[in-house]
Every structure is written in C-alpha cells, then in structure tokens.
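Undergrad: Sharing start_14.csv here; it has CSV, C-alpha atoms.
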chain,number,residue,atom,x,y,z
A,4,MET,CA,-6.8,-2.4,-19.0
A,5,PRO,CA,-8.3,0.7,-17.3
A,6,ILE,CA,-8.2,0.9,-13.5
A,7,THR,CA,-11.7,1.8,-12.3
A,8,ASN,CA,-12.3,3.3,-8.9
A,9,GLY,CA,-14.1,0.9,-6.6
A,10,THR,CA,-12.7,-2.3,-8.2
A,11,SER,CA,-10.4,-4.9,-6.6
A,12,LEU,CA,-7.7,-3.9,-9.1
A,13,HIS,CA,-7.9,-0.3,-8.0
A,14,THR,CA,-7.7,-1.4,-4.4
A,15,PHE,CA,-4.6,-3.5,-5.1
A,16,VAL,CA,-2.8,-0.7,-6.9
A,17,GLU,CA,-3.8,2.0,-4.5
A,18,THR,CA,-2.7,-0.1,-1.5
A,19,LEU,CA,0.7,-0.6,-3.1
A,20,ARG,CA,0.9,3.2,-3.8
A,21,GLN,CA,0.2,4.1,-0.2
A,22,SER,CA,2.7,1.5,1.0
A,23,VAL,CA,5.4,3.1,-1.1
A,24,LYS,CA,4.5,6.5,0.3
A,25,ASP,CA,4.5,5.3,3.9
A,26,CYS,CA,7.8,3.4,3.6
A,27,LEU,CA,9.5,6.3,2.0
A,28,ALA,CA,8.4,8.6,4.8
A,29,GLU,CA,9.6,5.9,7.4
A,30,SER,CA,12.9,5.1,5.7
A,31,ILE,CA,14.0,8.6,4.5
A,32,SER,CA,12.2,10.6,7.2
A,33,SER,CA,10.7,13.1,4.8
A,34,ASP,CA,7.4,13.6,3.0
A,35,TRP,CA,7.0,12.2,-0.5
A,36,THR,CA,4.1,12.5,-2.9
A,37,VAL,CA,3.4,9.2,-4.7
A,38,VAL,CA,0.9,9.2,-7.6
A,39,LEU,CA,-0.2,6.7,-10.2
A,40,GLY,CA,1.1,7.5,-13.6
A,41,ASP,CA,-0.7,6.9,-16.9
A,42,GLU,CA,-1.4,3.2,-17.1
A,43,ASN,CA,-0.9,3.4,-20.9
A,44,ALA,CA,2.7,4.5,-20.4
A,45,THR,CA,5.4,1.9,-21.3
A,46,GLN,CA,8.9,1.6,-20.0
A,47,PRO,CA,11.9,1.3,-22.3
A,48,ALA,CA,12.3,-2.1,-23.9
A,49,ALA,CA,15.7,-2.6,-22.5
A,50,TRP,CA,17.2,-1.0,-19.3
A,51,GLU,CA,20.8,-1.1,-18.3
A,52,ASN,CA,21.3,-2.0,-14.7
A,53,GLN,CA,17.6,-2.2,-14.0
A,54,LEU,CA,16.3,-4.0,-10.9
A,55,ALA,CA,13.4,-6.3,-11.5
A,56,PHE,CA,11.4,-8.3,-9.0
A,57,ALA,CA,8.7,-11.0,-9.6
A,58,LEU,CA,5.8,-10.6,-7.2
A,59,SER,CA,3.8,-13.8,-6.5
A,60,ILE,CA,0.3,-13.4,-4.9
A,61,SER,CA,-1.5,-16.4,-3.4
A,62,GLY,CA,-4.5,-17.0,-1.3
A,63,SER,CA,-7.9,-15.4,-2.0
A,64,ILE,CA,-6.2,-13.5,-4.8
A,65,ARG,CA,-3.8,-15.4,-7.1
A,66,GLY,CA,-1.5,-14.4,-9.8
A,67,GLU,CA,1.8,-12.8,-10.8
A,68,ALA,CA,3.0,-9.2,-10.9
A,69,ALA,CA,6.4,-7.5,-11.0
A,70,ILE,CA,8.1,-4.3,-9.8
A,71,LEU,CA,10.8,-2.8,-12.0
A,72,ILE,CA,13.0,0.2,-11.4
A,73,GLN,CA,15.6,1.6,-13.8
A,74,LYS,CA,19.1,2.9,-13.1
A,75,PRO,CA,18.4,6.7,-12.5
A,76,SER,CA,15.6,5.9,-10.0
A,77,LEU,CA,17.6,3.0,-8.5
A,78,LEU,CA,20.6,5.2,-8.0
A,79,LEU,CA,18.6,8.1,-6.5
A,80,LEU,CA,16.6,5.8,-4.1
A,81,GLY,CA,19.8,4.1,-3.0
A,82,GLN,CA,21.5,7.4,-2.3
A,83,LYS,CA,18.5,8.6,-0.4
A,84,LEU,CA,18.1,5.5,1.7
A,85,LEU,CA,21.8,5.6,2.6
A,86,LYS,CA,21.6,9.4,3.3
A,87,GLN,CA,24.3,10.1,0.7
A,88,ASP,CA,24.7,13.2,-1.4
A,89,VAL,CA,22.6,12.9,-4.5
A,90,VAL,CA,24.9,12.4,-7.6
A,91,PRO,CA,22.7,11.9,-10.6
A,92,ASN,CA,25.5,10.3,-12.7
A,93,GLY,CA,27.2,8.5,-9.9
A,94,GLU,CA,28.3,4.9,-10.0
A,95,LEU,CA,25.7,2.5,-8.8
A,96,THR,CA,27.1,0.4,-5.9
A,97,SER,CA,26.0,-3.0,-4.6
A,98,GLU,CA,25.3,-1.5,-1.2
A,99,GLN,CA,22.8,0.9,-2.9
A,100,GLN,CA,21.1,-2.0,-4.7
A,101,GLN,CA,20.8,-4.0,-1.5
A,102,MET,CA,19.2,-1.0,0.3
A,103,VAL,CA,16.7,-0.7,-2.5
A,104,GLU,CA,15.9,-4.4,-2.4
A,105,GLY,CA,15.4,-4.2,1.4
A,106,PHE,CA,13.1,-1.2,0.9
A,107,LEU,CA,10.9,-3.0,-1.7
A,108,GLN,CA,10.7,-6.0,0.6
A,109,HIS,CA,9.4,-3.7,3.3
A,110,VAL,CA,6.9,-2.2,0.9
A,111,ILE,CA,5.5,-5.7,0.2
A,112,VAL,CA,5.3,-6.6,3.9
A,113,VAL,CA,3.2,-3.4,4.5
A,114,THR,CA,1.1,-4.1,1.4
A,115,GLN,CA,0.3,-7.6,2.5
A,116,ALA,CA,-0.8,-6.5,5.9
A,117,THR,CA,-3.2,-4.0,4.5
A,118,LEU,CA,-4.5,-6.3,1.7
A,119,GLY,CA,-5.0,-9.0,4.3
A,120,ARG,CA,-7.7,-6.8,6.0
A,121,GLN,CA,-9.5,-6.5,2.7
A,122,PHE,CA,-9.1,-9.8,1.0
A,123,HIS,CA,-8.5,-11.9,4.1
A,124,GLU,CA,-6.1,-14.8,3.3
A,125,ILE,CA,-3.5,-13.4,1.0
A,126,LYS,CA,0.3,-13.8,0.7
A,127,LEU,CA,2.8,-11.7,-1.3
A,128,GLN,CA,6.3,-12.9,-2.1
A,129,LEU,CA,8.9,-10.8,-3.8
A,130,VAL,CA,12.0,-12.2,-5.4
A,131,LYS,CA,14.6,-10.9,-7.9
A,132,SER,CA,13.9,-11.9,-11.4
A,133,ASP,CA,14.4,-11.1,-15.1
A,134,THR,CA,12.2,-8.6,-16.7
A,135,PRO,CA,8.7,-10.1,-17.2
A,136,THR,CA,7.1,-10.0,-20.6
A,137,SER,CA,3.7,-9.1,-21.9
A,138,PRO,CA,2.0,-7.7,-18.8
A,139,GLU,CA,-1.7,-7.2,-19.0
A,140,THR,CA,-1.4,-3.8,-17.3
A,141,THR,CA,1.6,-1.5,-16.6
A,142,VAL,CA,1.1,1.1,-13.9
A,143,PRO,CA,3.9,3.7,-13.1
A,144,LEU,CA,4.2,4.7,-9.4
A,145,LEU,CA,5.8,8.1,-9.4
A,146,ALA,CA,7.4,9.2,-6.1
A,147,ARG,CA,8.2,12.9,-6.0
A,148,GLN,CA,10.0,15.2,-3.5
A,149,GLU,CA,11.0,18.7,-4.6
A,150,ASN,CA,13.0,18.2,-7.8
A,151,SER,CA,13.5,14.5,-7.3
A,152,GLU,CA,11.4,11.7,-8.9
A,153,ILE,CA,11.6,8.0,-8.5
A,154,ALA,CA,9.6,5.8,-10.9
A,155,LEU,CA,8.6,2.3,-10.1
A,156,PHE,CA,6.8,0.2,-12.8
A,157,LEU,CA,4.1,-2.3,-11.6
A,158,HIS,CA,3.4,-5.0,-14.1
A,159,ILE,CA,0.2,-6.9,-13.6
A,160,SER,CA,-0.2,-10.2,-15.4
A,161,GLU,CA,-3.4,-11.4,-17.0
A,162,ASP,CA,-4.0,-14.1,-14.4
A,163,LEU,CA,-3.8,-11.6,-11.5
A,164,ALA,CA,-6.1,-9.1,-13.3
A,165,GLU,CA,-8.6,-11.9,-13.8
A,166,SER,CA,-8.4,-13.0,-10.2
A,167,LEU,CA,-9.0,-9.5,-9.0
A,168,ALA,CA,-11.9,-9.2,-11.3
A,169,ILE,CA,-13.4,-12.4,-10.0
A,170,SER,CA,-12.9,-11.1,-6.4
A,171,ASN,CA,-14.7,-7.9,-7.3
A,172,GLU,CA,-17.7,-9.9,-8.8
A,173,SER,CA,-17.8,-12.1,-5.7
A,174,ALA,CA,-18.0,-9.0,-3.5
A,175,VAL,CA,-20.9,-7.6,-5.5
A,176,GLY,CA,-22.7,-11.0,-5.4
A,177,THR,CA,-22.3,-11.1,-1.6
A,178,LYS,CA,-23.7,-7.6,-1.3
A,179,LEU,CA,-26.8,-8.6,-3.4
A,180,ALA,CA,-27.3,-11.8,-1.4
A,181,TYR,CA,-27.9,-9.7,1.7
A,182,SER,CA,-30.3,-7.3,0.1
A,183,GLY,CA,-34.1,-7.2,0.9
A,184,ASN,CA,-35.4,-9.3,3.7
A,185,ASN,CA,-32.0,-10.9,4.5
A,186,LEU,CA,-30.4,-7.6,5.1
A,187,ALA,CA,-33.3,-6.4,7.2
A,188,LEU,CA,-32.6,-9.2,9.7
A,189,LEU,CA,-29.1,-7.8,10.3
A,190,LEU,CA,-29.8,-4.0,10.5
A,191,GLY,CA,-30.7,-4.1,14.2
A,192,ILE,CA,-27.4,-5.7,15.4
A,193,ASP,CA,-25.2,-3.4,17.5
A,194,LEU,CA,-21.6,-3.3,16.3
A,195,ASN,CA,-18.5,-2.0,18.1
A,196,LEU,CA,-16.4,0.6,16.3
A,197,THR,CA,-12.9,1.6,17.1
A,198,LEU,CA,-10.9,4.8,16.3
A,199,GLN,CA,-7.3,4.0,15.4
A,200,PHE,CA,-4.8,6.9,15.6
A,201,GLY,CA,-1.9,4.8,14.6
A,202,LYS,CA,0.2,1.8,15.5
A,203,SER,CA,3.5,1.1,17.2
A,204,SER,CA,5.7,-1.9,17.9
A,205,LEU,CA,7.4,-2.5,21.2
A,206,LYS,CA,9.2,-5.4,22.7
A,207,LEU,CA,7.6,-7.0,25.8
A,208,VAL,CA,10.5,-5.9,28.0
A,209,GLU,CA,9.9,-2.3,26.8
A,210,ILE,CA,6.2,-2.5,27.6
A,211,LEU,CA,6.9,-3.8,31.1
A,212,GLU,CA,9.3,-1.0,31.8
A,213,LEU,CA,6.9,1.8,30.7
A,214,PRO,CA,6.6,4.4,33.6
A,215,THR,CA,3.7,6.8,34.1
A,216,GLY,CA,4.1,9.8,31.7
A,217,SER,CA,5.7,7.7,28.9
A,218,VAL,CA,5.1,8.9,25.4
A,219,ILE,CA,4.8,6.2,22.6
A,220,GLU,CA,5.2,7.4,19.1
A,221,VAL,CA,2.9,5.9,16.5
A,222,ASP,CA,3.3,5.4,12.7
A,223,ARG,CA,0.8,8.1,11.7
A,224,GLN,CA,1.6,11.8,11.3
A,225,VAL,CA,-0.6,14.5,12.8
A,226,GLN,CA,-2.0,15.6,9.5
A,227,GLU,CA,-3.0,12.1,8.4
A,228,PRO,CA,-6.7,11.0,8.9
A,229,VAL,CA,-7.8,8.8,11.8
A,230,GLU,CA,-9.1,5.3,10.8
A,231,LEU,CA,-12.6,4.0,11.8
A,232,LEU,CA,-12.4,0.2,12.2
A,233,LEU,CA,-15.1,-2.4,12.3
A,234,GLY,CA,-13.2,-5.3,13.8
A,235,GLU,CA,-9.9,-5.2,11.9
A,236,ARG,CA,-11.4,-3.6,8.8
A,237,VAL,CA,-11.1,0.1,8.0
A,238,ILE,CA,-14.5,1.3,7.0
A,239,ALA,CA,-13.9,5.1,7.0
A,240,LYS,CA,-11.3,7.8,7.6
A,241,GLY,CA,-11.7,11.2,9.0
A,242,GLU,CA,-10.6,13.9,11.5
A,243,VAL,CA,-11.1,14.0,15.3
A,244,VAL,CA,-13.6,16.6,16.6
A,245,VAL,CA,-14.9,17.4,20.1
A,246,MET,CA,-18.6,17.3,20.7
A,247,ASP,CA,-20.1,18.2,24.1
A,248,GLY,CA,-16.9,17.2,25.8
A,249,ASN,CA,-16.6,13.9,24.0
A,250,TYR,CA,-14.4,12.9,21.1
A,251,GLY,CA,-16.0,12.3,17.7
A,252,LEU,CA,-15.0,11.6,14.2
A,253,ARG,CA,-15.9,13.7,11.2
A,254,ILE,CA,-15.8,11.3,8.2
A,255,THR,CA,-13.9,12.6,5.2
A,256,GLU,CA,-13.3,9.4,3.3
A,257,VAL,CA,-15.1,6.1,2.8
A,258,PRO,CA,-12.7,3.6,1.1
A,259,ALA,CA,-14.2,1.9,-1.9
A,260,PHE,CA,-13.7,-1.5,-0.4
A,261,ALA,CA,-15.8,-0.6,2.7
A,262,ALA,CA,-18.9,-0.5,0.5
A,263,ASP,CA,-18.2,-3.9,-1.2
I need this file expressed as structure tokens, please.

TA:
Amino acid sequence: MPITNGTSLHTFVETLRQSVKDCLAESISSDWTVVLGDENATQPAAWENQLAFALSISGSIRGEAAILIQKPSLLLLGQKLLKQDVVPNGELTSEQQQMVEGFLQHVIVVTQATLGRQFHEIKLQLVKSDTPTSPETTVPLLARQENSEIALFLHISEDLAESLAISNESAVGTKLAYSGNNLALLLGIDLNLTLQFGKSSLKLVEILELPTGSVIEVDRQVQEPVELLLGERVIAKGEVVVMDGNYGLRITEVPAFAAD
C-alpha cells in the first residue's frame, strides 16, 4: 500500500519516524538522520536473535502493528545506548536487549503524545511478541549517523490501515461540512495562537526553588523550527524573526494534518 502525503497513514508513519529521531538524540546525545525506506522492501523471512514487538492501537484509531529489529541493528543500538565501543560482531547481551526495549517503549510514549494531539483519544501499547505475519504494509525506518545505520521495520496490519483510511475520510467529510455558509459563520471568530519553543519537565520542588536568573533547558535544539499552536494542536512550524521590535514567526512548514 503506497503511503501518500497528507493521509492519516502518512501522519502515523511520519510521527513514529520523528519520535525515533528525537529519542535517539535524547538517549545517545548525538544527531541522527532517520528516513523512511522503500515501503516495498521486505525483511528476511527468518532472523536470528531478532527483537519483535506487537503494537496495539486503540481509541479513535484502532488496529495492530509491529516493530522489528534484527541482530546487527539490535547490537549496534544496544552498544550506543550503553555508550559501549561499537563491535559489529560482538556478542549480544541481555543488558543490551533490555536497553533497546526501554528505548522502543520511550519511542511509543512520545508517539502517543504527538498522535493524541492529532487524533484525540488514542492509546498505543507495545509488548514483546513473535514475528507477525502478512502485514498490509512494511515500512523500514532507517536511522543513520556517519557510517552507522540502524534499521527498524514497521509492520502495519490491514485493520490498522483501514482504520487510518476511515479517519482520513472522516476528516475530509468534516472539512466539507463546514464549507460555504457554515464556514462563513466561523471566519470572524478571534483565536489565540501560541509559539512553542520547546518543553521541559520539572518536579514541583524544583520549580519552587527556581531563583531569578535560572536557565531551564527545553527539548528542542536551536536549529529546530518553532511550533505554532492553536490550543494544543500544531498548525504550523517556522523560524523566529524580529519585526519592529516584536517577535514574529516566519512559517516554513504547514503539517498535512493541520489542513484536514
């Protein structure tokens, strides 16, 4: 099944790709490029020491998916997460597997938080499982850094693909329902927009102890775009500019889901 830009399926896959990239940067403290491979690519029929997870999605989007990682990528990611020397033919340890499992769980938590702003009520649960069979779509997620590459394979089942397709059709129907005179009634309403430079998490005691001059680090790097929010929904991204002494935002990207 082709993944078309602007569809709910593309949003789902792209969100997972970005989550992998963000979690790699957070966990390994270095920049990684994460791209979607050819969706027609297939993984080997049998992998030795592969790690497979079943991904259950419930809520406004329902269905099953899976994330698989084979031994070379599993070993490399485990070594990177533990800050060990990279030994391509090294022995895979249980500690390395546990670190990779924890990393993937973190990826799913971040993915759920982002998808929740787009699809509202949605829950993702990841558990270890045997290799799933007959996926509707297989999408490789390729994480690269210098000469290193880690490949994750995302399996999307037929029921999840159908649920995403229905979600996309519903969004189009909602957009049409507010066309013409109905939409004209709403165009004069003032809406409050928010610029989000990043997020941080602090304990209450840490917040109460903040003195004047404190610096709080957020989860967004300097070169990353700033988000423009309507409520809790990201409707655009861009770069900060100064206009007549005031801050402004030059929009460089409008996510596909913002127009749904």

Undergrad: Excluding same-chain residues fewer than 5 positions from A:Leu144, what lies within 8 Å of it counting all atoms listed in the file, as a ChimeraX atom specification?

TA: /A:20,37-40,154-157

Undergrad: Would you kindly return, as number ranges by chain, each protein, DNA or RNA residue with an atom no farther than 12 Å from any atom of A:Pro91, considering only C-alpha atoms and excluding same-chain residues fewer than 4 positions away?

TA: A: 74-83, 87, 95, 150-153

Undergrad: Of the candidates A:Leu54, A:Ile64, A:Thr117, A:Cys26, which shows the shortest atom-to-atom distance to A:Ser97, using only C-alpha atoms?

TA: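 Among A:Leu54, A:Ile64, A:Thr117, A:Cys26, it is A:Leu54 that comes nearest to A:Ser97.
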
Undergrad: For A:Phe15, list every protein, DNA or RNA residue within 10 Å, evaluated using all atoms listed in the file, and leave out those in the same chain fewer than 5 positions away; present the list as a PDB file with C-alpha atoms, in the coordinates of the input.

TA:
ATOM      1  CA  THR A  10     -12.700  -2.300  -8.200  1.00  0.00           C
ATOM      2  CA  ARG A  20       0.900   3.200  -3.800  1.00  0.00           C
ATOM      3  CA  THR A 114       1.100  -4.100   1.400  1.00  0.00           C
ATOM      4  CA  GLN A 115       0.300  -7.600   2.500  1.00  0.00           C
ATOM      5  CA  THR A 117      -3.200  -4.000   4.500  1.00  0.00           C
ATOM      6  CA  LEU A 118      -4.500  -6.300   1.700  1.00  0.00           C
ATOM      7  CA  GLN A 121      -9.500  -6.500   2.700  1.00  0.00           C
ATOM      8  CA  PHE A 122      -9.100  -9.800   1.000  1.00  0.00           C
ATOM      9  CA  LEU A 167      -9.000  -9.500  -9.000  1.00  0.00           C
TER      10      LEU A 167
END

Undergrad: One decimal, in Å: what's the spacing between atom CA of A:Lys131 and atom CA of A:Leu58?

TA: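 Distance between the two atoms: 8.8 Å.
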
Undergrad: Rounded to one decimal, what separation in Å do you get between atom CA of A:Thr141 and atom CA of A:Val23?

TA: 16.6 Å

Undergrad: Work out how far atom CA of A:Asp222 is from atom CA of A:Gln99, in Å to one decimal.

TA: 25.4 Å

Undergrad: Which residue gives the smallest distance to A:Ser59 among A:Lys126, A:Arg253, A:Lys202, A:Arg223, with only C-alpha atoms counted?

TA: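 Once distances to A:Ser59 are computed over only C-alpha atoms, the minimum belongs to A:Lys126.
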
Undergrad: Here is a test: counting all atoms listed in the file, which residue of A:Gln101, A:Leu231, A:Ile219, A:Val244 is nearest to A:Leu196?

TA: A:Leu231

Undergrad: Under the rule that all atoms listed in the file are counted, which of A:Val243, A:Ala168, A:Ile159, A:Ala57 is the nearest residue to A:Thr140?

TA: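 So, comparing all the options, the nearest one is A:Ile159.
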
Undergrad: Out of A:Gln53, A:Thr18, A:Gln73, A:Thr36, which residue has the shortest atom-to-atom distance to A:Pro258 when counting all atoms listed in the file?

TA: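 Checking each candidate against A:Pro258, we get A:Thr18 as the closest.
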
Undergrad: Hey, which of A:Gly105, A:Leu198, A:Thr215, A:Leu145 ends up closest to A:Ile254? Count all atoms listed in the file.

TA: A:Leu198

Undergrad: For A:Asp162, work out the shell of residues within 12 Å, counting only C-alpha atoms and skipping chain neighbours fewer than 2 positions away, then give it as a compact mmCIF listing (two decimals) with C-alpha atoms, keeping the file's coordinate frame.

TA:
# COMPACT_ATOMS: atom_id res chain seq x y z
CA SER A 59 3.80 -13.80 -6.50
CA ILE A 60 0.30 -13.40 -4.90
CA SER A 61 -1.50 -16.40 -3.40
CA ILE A 64 -6.20 -13.50 -4.80
CA ARG A 65 -3.80 -15.40 -7.10
CA GLY A 66 -1.50 -14.40 -9.80
CA GLU A 67 1.80 -12.80 -10.80
CA ALA A 68 3.00 -9.20 -10.90
CA SER A 137 3.70 -9.10 -21.90
CA PRO A 138 2.00 -7.70 -18.80
CA GLU A 139 -1.70 -7.20 -19.00
CA THR A 140 -1.40 -3.80 -17.30
CA HIS A 158 3.40 -5.00 -14.10
CA ILE A 159 0.20 -6.90 -13.60
CA SER A 160 -0.20 -10.20 -15.40
CA ALA A 164 -6.10 -9.10 -13.30
CA GLU A 165 -8.60 -11.90 -13.80
CA SER A 166 -8.40 -13.00 -10.20
CA LEU A 167 -9.00 -9.50 -9.00
CA ALA A 168 -11.90 -9.20 -11.30
CA ILE A 169 -13.40 -12.40 -10.00
